[in-house]
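Here's the structure we're looking at; comments come further down.
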Amino acid sequence: MSIHYEFIGHATHRFEMGDHAVLVDPFFKNNPATSIAPDSVTADFILITHGHFDHIEDAVAIARRTGATVISNFEIVGWFRSQGLPEEQVHPQHIGGGYSHPFGHVKLTIAHHGSGLPDGGYGGQPAGLLITAEDKRIYIAGDTALFSDMQLYKDPQVDLLILPIGDNFTMGPDDALQAVRWISPRHCVPCHYNTWPPIEQDVHAWADRVTSACPSTVVDVLGPGQGIDL
């Protein structure tokens with residue numbers, strides 16, 4: 001079976017993996033980069049890379065409405081418990097650890113960033129997500145700087161690489177291009193750009209650079225609600 005990927009906007013993503021809907025870093029209500037309403041989204045699982053508001057803002061409300069299981073690091077899962085989510089609705093993991101969920105296998109990878117929660121609480125270490133499902137491999141780098149260990153994720157081949165390119169808070173266009181060179185994915189989706197002035201980028205110029213430097217990688221520049229099938 002194929003996987004359908006949908007770009008929500010900024011750094012929020014949604015997947016249909018077999019019979020399961022998987023939402024990543026829900027940020028809707030105050031997200032200038034999307035017109036999609038949080039109440040219109042279904043989810044069986046919610047994955048959280050780190051605790052910043054632009055990755056977690058709508059997660060509690062969506063989890064309560066849908067009954068979705070929240071998967072994140074130990075500290076963030078503890079915060080969801082404090083927000084009233086029952087034990088059966090949370091699953092803690094941590095960096096380097098993997099687990100086979102009903103939709104596929106999730107491993108939390110290194111990400112060099114911060115993870116403070118919206119209420120000022122400690123959000124543990126930020127993470128990337130390495131997901132294996134439906135015979136496909138997806139690497140969501142999360143908010144991160146470039147780091148050389150990204151080269152380790154090249155084999156087996158990544159079918160979809162999702163990278164921030166906005167600079168200022170994360171890697172910028174040059175470092176993101178280097179990440180694509182190292183990982184050599186089949187598809188690459190840029191994210192975390194043009195939401196606010198400090199992260200404005202010419203995404204089409206970046207896509208042209210990637211296409212020139214990495215001709216085997218298809219760059220998918222997507223608007224809110226647009227997607228691809230893997």
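Identifiers for the structure tokens are assigned positionally: chains receive A, B, ... in sequence, residues are indexed from 1 per chain, and ligands are indexed from 1 in the order shown.
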
Would you kindly return, as JSON, numbers by chain, each protein, DNA or RNA residue with an atom no farther than 12 Å from any atom of segment 190-197 of chain A, considering only C-alpha atoms and excluding same-chain residues fewer than 6 positions away?
{"A": [7, 8, 9, 10, 11, 12, 13, 25, 27, 30, 31, 32, 33, 34, 54, 55, 140, 141, 142, 143, 144, 160, 161, 162, 163, 164, 165, 166, 167, 168, 169, 170, 171, 172, 173, 176, 177, 179, 180, 203, 204, 205, 206, 207, 210, 218, 219, 220, 221, 222, 223, 224]}

Same residues, N, CA and C atoms, saved as a short mmCIF file (atom, residue, chain, number, x, y, z; two decimals), in the first residue's frame:
```cif
data_model
loop_
_atom_site.label_atom_id
_atom_site.label_comp_id
_atom_site.auth_asym_id
_atom_site.auth_seq_id
_atom_site.Cartn_x
_atom_site.Cartn_y
_atom_site.Cartn_z
N PHE A 7 0.99 18.26 3.18
CA PHE A 7 1.64 19.40 3.85
C PHE A 7 0.56 20.33 4.37
N ILE A 8 0.54 20.57 5.68
CA ILE A 8 -0.47 21.44 6.28
C ILE A 8 -0.02 22.90 6.22
N GLY A 9 1.26 23.14 6.45
CA GLY A 9 1.82 24.49 6.45
C GLY A 9 2.81 24.66 7.58
N HIS A 10 3.84 25.48 7.33
CA HIS A 10 4.94 25.73 8.26
C HIS A 10 5.69 24.43 8.52
N ALA A 11 5.45 23.76 9.64
CA ALA A 11 6.12 22.48 9.92
C ALA A 11 5.12 21.45 10.42
N THR A 12 3.89 21.56 9.95
CA THR A 12 2.84 20.60 10.30
C THR A 12 2.57 19.71 9.11
N HIS A 13 2.49 18.41 9.38
CA HIS A 13 2.38 17.41 8.32
C HIS A 13 1.34 16.36 8.70
N ASP A 25 3.34 17.48 14.56
CA ASP A 25 3.53 18.86 15.02
C ASP A 25 2.35 19.78 14.70
N PHE A 27 -0.01 22.64 14.38
CA PHE A 27 0.01 24.09 14.55
C PHE A 27 -0.95 24.67 13.52
N ASN A 30 -3.03 29.65 15.02
CA ASN A 30 -2.23 30.87 14.87
C ASN A 30 -1.12 30.70 13.84
N ASN A 31 -1.35 29.80 12.90
CA ASN A 31 -0.36 29.51 11.87
C ASN A 31 -0.65 30.36 10.63
N PRO A 32 0.18 31.38 10.34
CA PRO A 32 -0.06 32.22 9.16
C PRO A 32 0.12 31.48 7.84
N ALA A 33 0.72 30.28 7.90
CA ALA A 33 1.06 29.56 6.68
C ALA A 33 0.01 28.53 6.28
N THR A 34 -1.15 28.52 6.96
CA THR A 34 -2.18 27.57 6.57
C THR A 34 -3.56 28.17 6.75
N ASP A 54 4.92 26.54 17.92
CA ASP A 54 4.60 26.36 16.50
C ASP A 54 4.69 24.89 16.07
N HIS A 55 4.80 24.00 17.03
CA HIS A 55 4.81 22.56 16.74
C HIS A 55 3.83 21.80 17.64
N ILE A 140 11.84 13.01 8.91
CA ILE A 140 11.43 14.37 9.22
C ILE A 140 12.50 14.93 10.15
N ALA A 141 13.28 15.86 9.65
CA ALA A 141 14.43 16.33 10.41
C ALA A 141 14.02 17.13 11.64
N GLY A 142 12.81 17.70 11.64
CA GLY A 142 12.42 18.58 12.72
C GLY A 142 13.16 19.90 12.64
N ASP A 143 13.01 20.74 13.64
CA ASP A 143 13.77 21.99 13.69
C ASP A 143 15.18 21.64 14.13
N THR A 144 16.14 21.91 13.26
CA THR A 144 17.50 21.50 13.58
C THR A 144 18.53 22.28 12.77
N LEU A 160 11.19 9.92 1.53
CA LEU A 160 10.76 11.30 1.70
C LEU A 160 11.57 11.95 2.81
N LEU A 161 12.22 13.05 2.46
CA LEU A 161 12.97 13.86 3.42
C LEU A 161 12.25 15.19 3.58
N ILE A 162 11.93 15.56 4.82
CA ILE A 162 11.28 16.83 5.12
C ILE A 162 12.25 17.66 5.94
N LEU A 163 12.63 18.82 5.38
CA LEU A 163 13.70 19.64 5.96
C LEU A 163 13.26 21.08 6.18
N PRO A 164 13.69 21.71 7.27
CA PRO A 164 13.51 23.16 7.39
C PRO A 164 14.54 23.88 6.54
N ILE A 165 14.13 24.99 5.93
CA ILE A 165 15.09 25.76 5.12
C ILE A 165 15.10 27.24 5.49
N GLY A 166 14.35 27.64 6.51
CA GLY A 166 14.09 29.05 6.76
C GLY A 166 15.23 29.87 7.32
N ASP A 167 16.26 29.21 7.89
CA ASP A 167 17.38 29.90 8.53
C ASP A 167 16.90 30.59 9.82
N ASN A 168 17.75 31.33 10.46
CA ASN A 168 17.48 32.07 11.70
C ASN A 168 17.22 31.14 12.89
N PHE A 169 16.16 30.31 12.84
CA PHE A 169 15.86 29.38 13.92
C PHE A 169 16.32 27.95 13.63
N THR A 170 16.55 27.65 12.36
CA THR A 170 16.93 26.30 11.92
C THR A 170 18.00 26.41 10.85
N MET A 171 18.33 25.29 10.25
CA MET A 171 19.23 25.35 9.10
C MET A 171 18.62 26.23 8.00
N GLY A 172 19.48 26.87 7.24
CA GLY A 172 19.05 27.68 6.12
C GLY A 172 19.23 26.98 4.80
N PRO A 173 19.04 27.68 3.69
CA PRO A 173 19.09 27.03 2.37
C PRO A 173 20.39 26.31 2.07
N ALA A 176 20.61 23.18 4.25
CA ALA A 176 19.59 22.23 3.83
C ALA A 176 19.98 21.54 2.53
N LEU A 177 20.60 22.29 1.63
CA LEU A 177 21.11 21.68 0.39
C LEU A 177 22.16 20.62 0.71
N ALA A 179 22.35 18.85 3.41
CA ALA A 179 21.65 17.69 3.95
C ALA A 179 21.07 16.82 2.84
N VAL A 180 20.51 17.45 1.82
CA VAL A 180 19.98 16.67 0.70
C VAL A 180 21.11 15.92 -0.01
N VAL A 203 11.80 29.81 -1.98
CA VAL A 203 11.78 28.34 -1.97
C VAL A 203 11.99 27.77 -3.37
N HIS A 204 11.52 28.45 -4.38
CA HIS A 204 11.67 27.92 -5.74
C HIS A 204 13.13 28.02 -6.20
N ALA A 205 13.81 29.07 -5.79
CA ALA A 205 15.25 29.16 -6.09
C ALA A 205 16.00 28.04 -5.39
N TRP A 206 15.61 27.75 -4.14
CA TRP A 206 16.25 26.63 -3.42
C TRP A 206 15.97 25.31 -4.12
N ALA A 207 14.75 25.11 -4.54
CA ALA A 207 14.40 23.87 -5.24
C ALA A 207 15.21 23.71 -6.51
N VAL A 210 18.67 22.48 -5.57
CA VAL A 210 18.67 21.06 -5.23
C VAL A 210 18.57 20.21 -6.49
N VAL A 218 13.58 14.43 -6.25
CA VAL A 218 12.47 15.27 -6.69
C VAL A 218 12.11 16.21 -5.54
N VAL A 219 12.16 17.51 -5.79
CA VAL A 219 11.78 18.50 -4.78
C VAL A 219 10.32 18.86 -4.98
N ASP A 220 9.52 18.65 -3.94
CA ASP A 220 8.09 18.95 -3.99
C ASP A 220 7.83 20.19 -3.14
N VAL A 221 7.60 21.32 -3.80
CA VAL A 221 7.23 22.56 -3.11
C VAL A 221 5.71 22.58 -3.02
N LEU A 222 5.18 22.44 -1.81
CA LEU A 222 3.75 22.23 -1.62
C LEU A 222 3.12 23.39 -0.85
N GLY A 223 1.87 23.69 -1.20
CA GLY A 223 1.07 24.63 -0.45
C GLY A 223 0.18 23.89 0.53
N PRO A 224 -0.47 24.60 1.44
CA PRO A 224 -1.34 23.95 2.43
C PRO A 224 -2.39 23.07 1.78
#
```

Spatial neighbours of Ile76 of chain A, max dist 12 Å, only C-alpha atoms, sep filter under 5 positions, as a ChimeraX atom specification:
/A:47-52,55-56,59-60,70-71,81-83,85,90-94,115-119,121-127

Restrict the selected residues to N, CA and C atoms and save them as an mmCIF file, in the first residue's frame.
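Saved as out.cif:
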```cif
data_model
loop_
_atom_site.group_PDB
_atom_site.id
_atom_site.type_symbol
_atom_site.label_atom_id
_atom_site.label_comp_id
_atom_site.auth_asym_id
_atom_site.auth_seq_id
_atom_site.Cartn_x
_atom_site.Cartn_y
_atom_site.Cartn_z
ATOM 1 N N LEU A 47 2.453 12.877 16.375
ATOM 2 C CA LEU A 47 3.885 12.855 16.673
ATOM 3 C C LEU A 47 4.359 14.274 16.915
ATOM 4 N N ILE A 48 5.124 14.465 17.987
ATOM 5 C CA ILE A 48 5.622 15.785 18.369
ATOM 6 C C ILE A 48 7.145 15.749 18.388
ATOM 7 N N THR A 49 7.788 16.632 17.603
ATOM 8 C CA THR A 49 9.251 16.648 17.570
ATOM 9 C C THR A 49 9.853 17.410 18.746
ATOM 10 N N HIS A 50 9.175 18.498 19.160
ATOM 11 C CA HIS A 50 9.678 19.287 20.292
ATOM 12 C C HIS A 50 8.570 20.203 20.788
ATOM 13 N N GLY A 51 8.848 20.948 21.864
ATOM 14 C CA GLY A 51 7.788 21.612 22.590
ATOM 15 C C GLY A 51 7.446 23.022 22.188
ATOM 16 N N HIS A 52 8.092 23.607 21.191
ATOM 17 C CA HIS A 52 7.803 24.992 20.835
ATOM 18 C C HIS A 52 6.371 25.151 20.329
ATOM 19 N N HIS A 55 4.802 24.001 17.033
ATOM 20 C CA HIS A 55 4.807 22.565 16.742
ATOM 21 C C HIS A 55 3.830 21.798 17.635
ATOM 22 N N ILE A 56 3.235 22.486 18.596
ATOM 23 C CA ILE A 56 2.438 21.767 19.597
ATOM 24 C C ILE A 56 1.120 22.465 19.933
ATOM 25 N N ALA A 59 -2.150 20.468 19.627
ATOM 26 C CA ALA A 59 -2.044 19.023 19.835
ATOM 27 C C ALA A 59 -2.989 18.512 20.918
ATOM 28 N N VAL A 60 -3.087 19.228 22.035
ATOM 29 C CA VAL A 60 -3.943 18.754 23.133
ATOM 30 C C VAL A 60 -5.399 18.722 22.689
ATOM 31 N N VAL A 70 -0.596 10.242 21.444
ATOM 32 C CA VAL A 70 0.499 11.197 21.284
ATOM 33 C C VAL A 70 1.824 10.485 21.528
ATOM 34 N N ILE A 71 2.740 10.634 20.579
ATOM 35 C CA ILE A 71 4.071 10.031 20.653
ATOM 36 C C ILE A 71 5.100 11.147 20.663
ATOM 37 N N ARG A 81 0.293 14.401 29.844
ATOM 38 C CA ARG A 81 -0.414 13.823 30.993
ATOM 39 C C ARG A 81 -0.919 14.922 31.912
ATOM 40 N N SER A 82 -0.094 15.944 32.122
ATOM 41 C CA SER A 82 -0.496 17.038 33.009
ATOM 42 C C SER A 82 -1.640 17.855 32.423
ATOM 43 N N GLN A 83 -1.837 17.769 31.116
ATOM 44 C CA GLN A 83 -2.947 18.445 30.454
ATOM 45 C C GLN A 83 -4.225 17.601 30.465
ATOM 46 N N LEU A 85 -4.493 14.208 29.440
ATOM 47 C CA LEU A 85 -4.599 13.052 28.557
ATOM 48 C C LEU A 85 -4.378 11.771 29.357
ATOM 49 N N VAL A 90 -1.014 8.171 25.450
ATOM 50 C CA VAL A 90 0.340 8.709 25.303
ATOM 51 C C VAL A 90 1.343 7.568 25.192
ATOM 52 N N HIS A 91 2.431 7.840 24.468
ATOM 53 C CA HIS A 91 3.505 6.851 24.344
ATOM 54 C C HIS A 91 4.836 7.593 24.351
ATOM 55 N N PRO A 92 5.624 7.467 25.431
ATOM 56 C CA PRO A 92 6.926 8.138 25.482
ATOM 57 C C PRO A 92 8.018 7.331 24.784
ATOM 58 N N GLN A 93 8.896 8.054 24.100
ATOM 59 C CA GLN A 93 10.134 7.489 23.546
ATOM 60 C C GLN A 93 11.262 8.465 23.863
ATOM 61 N N HIS A 94 12.457 8.171 23.359
ATOM 62 C CA HIS A 94 13.534 9.157 23.479
ATOM 63 C C HIS A 94 14.580 8.942 22.401
ATOM 64 N N SER A 115 13.565 23.051 23.082
ATOM 65 C CA SER A 115 12.307 22.316 23.226
ATOM 66 C C SER A 115 11.462 22.826 24.379
ATOM 67 N N GLY A 116 11.568 24.129 24.711
ATOM 68 C CA GLY A 116 10.761 24.663 25.791
ATOM 69 C C GLY A 116 9.278 24.611 25.462
ATOM 70 N N LEU A 117 8.456 24.260 26.434
ATOM 71 C CA LEU A 117 7.019 24.126 26.228
ATOM 72 C C LEU A 117 6.316 25.488 26.309
ATOM 73 N N PRO A 118 5.102 25.599 25.776
ATOM 74 C CA PRO A 118 4.405 26.894 25.752
ATOM 75 C C PRO A 118 4.223 27.540 27.123
ATOM 76 N N ASP A 119 4.116 26.727 28.186
ATOM 77 C CA ASP A 119 3.939 27.287 29.524
ATOM 78 C C ASP A 119 5.271 27.507 30.241
ATOM 79 N N GLY A 121 7.610 25.210 30.619
ATOM 80 C CA GLY A 121 8.126 23.959 31.142
ATOM 81 C C GLY A 121 9.239 23.381 30.282
ATOM 82 N N TYR A 122 9.918 22.386 30.850
ATOM 83 C CA TYR A 122 11.039 21.743 30.173
ATOM 84 C C TYR A 122 10.525 20.686 29.202
ATOM 85 N N GLY A 123 10.902 20.815 27.950
ATOM 86 C CA GLY A 123 10.434 19.900 26.921
ATOM 87 C C GLY A 123 11.418 18.832 26.511
ATOM 88 N N GLY A 124 12.454 18.614 27.331
ATOM 89 C CA GLY A 124 13.417 17.572 26.983
ATOM 90 C C GLY A 124 14.202 17.928 25.738
ATOM 91 N N GLN A 125 14.783 16.906 25.118
ATOM 92 C CA GLN A 125 15.578 17.114 23.915
ATOM 93 C C GLN A 125 14.685 17.134 22.677
ATOM 94 N N PRO A 126 14.933 18.061 21.744
ATOM 95 C CA PRO A 126 14.211 18.032 20.480
ATOM 96 C C PRO A 126 14.607 16.799 19.680
ATOM 97 N N ALA A 127 13.766 16.428 18.742
ATOM 98 C CA ALA A 127 14.022 15.205 17.973
ATOM 99 C C ALA A 127 13.658 15.386 16.511
#
```

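Relative to atom CA of Ala68 of chain A, atom CA of Asp39 of chain A is found at 13.4 Å.
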
Please indicate the distance in Å from atom CA of Arg14 of chain A to atom CA of Gly98 of chain A, rounded to one decimal place.
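Those two atoms sit 20.0 Å apart.
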
Please provide the set of residues having any atom within 10 Å of Gln157 of chain A, restricted to only C-alpha atoms, with same-chain residues fewer than 2 positions apart removed, written as a PyMOL selection string.
chain A and resi 136-138+153-155+159-160+183-186

May I have the selected residues written with N, CA and C atoms, as a PDB file, in the first residue's frame?
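Below is the file that was written, again_24.pdb:
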```pdb
ATOM      1  N   LYS A 136       8.154   1.990   3.115  1.00  0.00           N
ATOM      2  CA  LYS A 136       8.725   3.294   2.783  1.00  0.00           C
ATOM      3  C   LYS A 136       9.461   3.833   3.998  1.00  0.00           C
ATOM      4  N   ARG A 137      10.416   4.715   3.732  1.00  0.00           N
ATOM      5  CA  ARG A 137      11.229   5.309   4.802  1.00  0.00           C
ATOM      6  C   ARG A 137      11.148   6.824   4.712  1.00  0.00           C
ATOM      7  N   ILE A 138      10.766   7.452   5.816  1.00  0.00           N
ATOM      8  CA  ILE A 138      10.544   8.895   5.872  1.00  0.00           C
ATOM      9  C   ILE A 138      11.420   9.476   6.976  1.00  0.00           C
ATOM     10  N   TYR A 153      21.725   8.434   7.837  1.00  0.00           N
ATOM     11  CA  TYR A 153      20.342   8.091   7.506  1.00  0.00           C
ATOM     12  C   TYR A 153      20.156   7.802   6.016  1.00  0.00           C
ATOM     13  N   LYS A 154      21.227   7.834   5.257  1.00  0.00           N
ATOM     14  CA  LYS A 154      21.136   7.638   3.806  1.00  0.00           C
ATOM     15  C   LYS A 154      20.769   6.209   3.427  1.00  0.00           C
ATOM     16  N   ASP A 155      21.194   5.256   4.230  1.00  0.00           N
ATOM     17  CA  ASP A 155      21.043   3.838   3.891  1.00  0.00           C
ATOM     18  C   ASP A 155      20.270   3.122   4.996  1.00  0.00           C
ATOM     19  N   ASP A 159      12.767   7.641   1.297  1.00  0.00           N
ATOM     20  CA  ASP A 159      11.789   7.932   0.247  1.00  0.00           C
ATOM     21  C   ASP A 159      11.290   9.363   0.318  1.00  0.00           C
ATOM     22  N   LEU A 160      11.193   9.921   1.529  1.00  0.00           N
ATOM     23  CA  LEU A 160      10.760  11.303   1.701  1.00  0.00           C
ATOM     24  C   LEU A 160      11.571  11.949   2.811  1.00  0.00           C
ATOM     25  N   ILE A 183      21.956  12.861   2.158  1.00  0.00           N
ATOM     26  CA  ILE A 183      20.931  11.834   2.349  1.00  0.00           C
ATOM     27  C   ILE A 183      20.431  11.259   1.028  1.00  0.00           C
ATOM     28  N   SER A 184      20.438  12.071  -0.027  1.00  0.00           N
ATOM     29  CA  SER A 184      20.040  11.635  -1.365  1.00  0.00           C
ATOM     30  C   SER A 184      18.668  10.943  -1.376  1.00  0.00           C
ATOM     31  N   PRO A 185      17.633  11.633  -0.921  1.00  0.00           N
ATOM     32  CA  PRO A 185      16.304  11.017  -0.863  1.00  0.00           C
ATOM     33  C   PRO A 185      15.642  10.962  -2.238  1.00  0.00           C
ATOM     34  N   ARG A 186      14.592  10.167  -2.338  1.00  0.00           N
ATOM     35  CA  ARG A 186      13.810  10.150  -3.577  1.00  0.00           C
ATOM     36  C   ARG A 186      13.001  11.440  -3.721  1.00  0.00           C
TER      37      ARG A 186
END
```

Distance atom CA of Val158 of chain A-atom CA of Tyr139 of chain A, one decimal place?
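Result for atom CA of Val158 of chain A versus atom CA of Tyr139 of chain A: 6.7 Å, one decimal.
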
Mind checking DSSP for segment 24-130 of chain A and telling me the helix (DSSP H, G or I) residues as a list in words?
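Assigned to helix (DSSP H, G or I), within segment 24-130 of chain A: Pro38, Asp39, Ser40, Phe53, Asp54, His55, Ile56, Ala59, Val60, Ala61, Ile62, Ala63, Arg64, Arg65, Thr66, Phe74, Glu75, Ile76, Val77, Gly78, Trp79, Phe80, Arg81, Ser82, Glu87, Glu88 and Gln89 of chain A.
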
Please write the residues from the selection above to a file, keeping C-alpha atoms, as an mmCIF file, in the first residue's frame.
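Output contents, as saved in result-v7.cif:
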```cif
data_model
loop_
_atom_site.group_PDB
_atom_site.id
_atom_site.type_symbol
_atom_site.label_atom_id
_atom_site.label_comp_id
_atom_site.auth_asym_id
_atom_site.auth_seq_id
_atom_site.Cartn_x
_atom_site.Cartn_y
_atom_site.Cartn_z
ATOM 1 C CA PRO A 38 -7.792 22.083 13.303
ATOM 2 C CA ASP A 39 -11.358 20.797 13.694
ATOM 3 C CA SER A 40 -11.296 19.510 10.115
ATOM 4 C CA PHE A 53 4.369 26.565 20.300
ATOM 5 C CA ASP A 54 4.595 26.356 16.504
ATOM 6 C CA HIS A 55 4.807 22.565 16.742
ATOM 7 C CA ILE A 56 2.438 21.767 19.597
ATOM 8 C CA ALA A 59 -2.044 19.023 19.835
ATOM 9 C CA VAL A 60 -3.943 18.754 23.133
ATOM 10 C CA ALA A 61 -7.260 19.873 21.626
ATOM 11 C CA ILE A 62 -6.915 17.528 18.645
ATOM 12 C CA ALA A 63 -5.910 14.608 20.856
ATOM 13 C CA ARG A 64 -8.929 15.178 23.096
ATOM 14 C CA ARG A 65 -11.297 15.450 20.125
ATOM 15 C CA THR A 66 -9.968 12.472 18.150
ATOM 16 C CA PHE A 74 9.449 11.395 27.805
ATOM 17 C CA GLU A 75 9.245 14.974 29.060
ATOM 18 C CA ILE A 76 6.693 16.137 26.489
ATOM 19 C CA VAL A 77 4.548 13.069 27.092
ATOM 20 C CA GLY A 78 4.614 13.958 30.796
ATOM 21 C CA TRP A 79 3.344 17.425 29.904
ATOM 22 C CA PHE A 80 0.457 15.895 27.931
ATOM 23 C CA ARG A 81 -0.414 13.823 30.993
ATOM 24 C CA SER A 82 -0.496 17.038 33.009
ATOM 25 C CA GLU A 87 -2.258 7.001 30.052
ATOM 26 C CA GLU A 88 -3.654 4.968 27.158
ATOM 27 C CA GLN A 89 -3.379 8.038 24.923
#
```

Backbone-only DSSP, strand (DSSP E) members of segment 35-185 of chain A, as a PyMOL selection string
chain A and resi 45-47+69-73+90-93+98-101+104-110+127-133+136-140+160-164

Between A:Leu152, A:Ala133, A:Ala111, A:Ala43, which one has atoms that come closest to Met17 of chain A, using only C-alpha atoms?
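Nearest candidate to Met17 of chain A out of A:Leu152, A:Ala133, A:Ala111, A:Ala43: A:Ala133.
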
With distances taken over only C-alpha atoms, which residue among A:Cys188, A:Ile3, A:Ala21, A:Ala213 lies nearest Pro102 of chain A?
A:Ala21

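Using only C-alpha atoms, the smallest distance between any of A:Gly128, A:Pro86, A:Gly120, A:Pro26 and Asn73 of chain A comes from A:Gly128.
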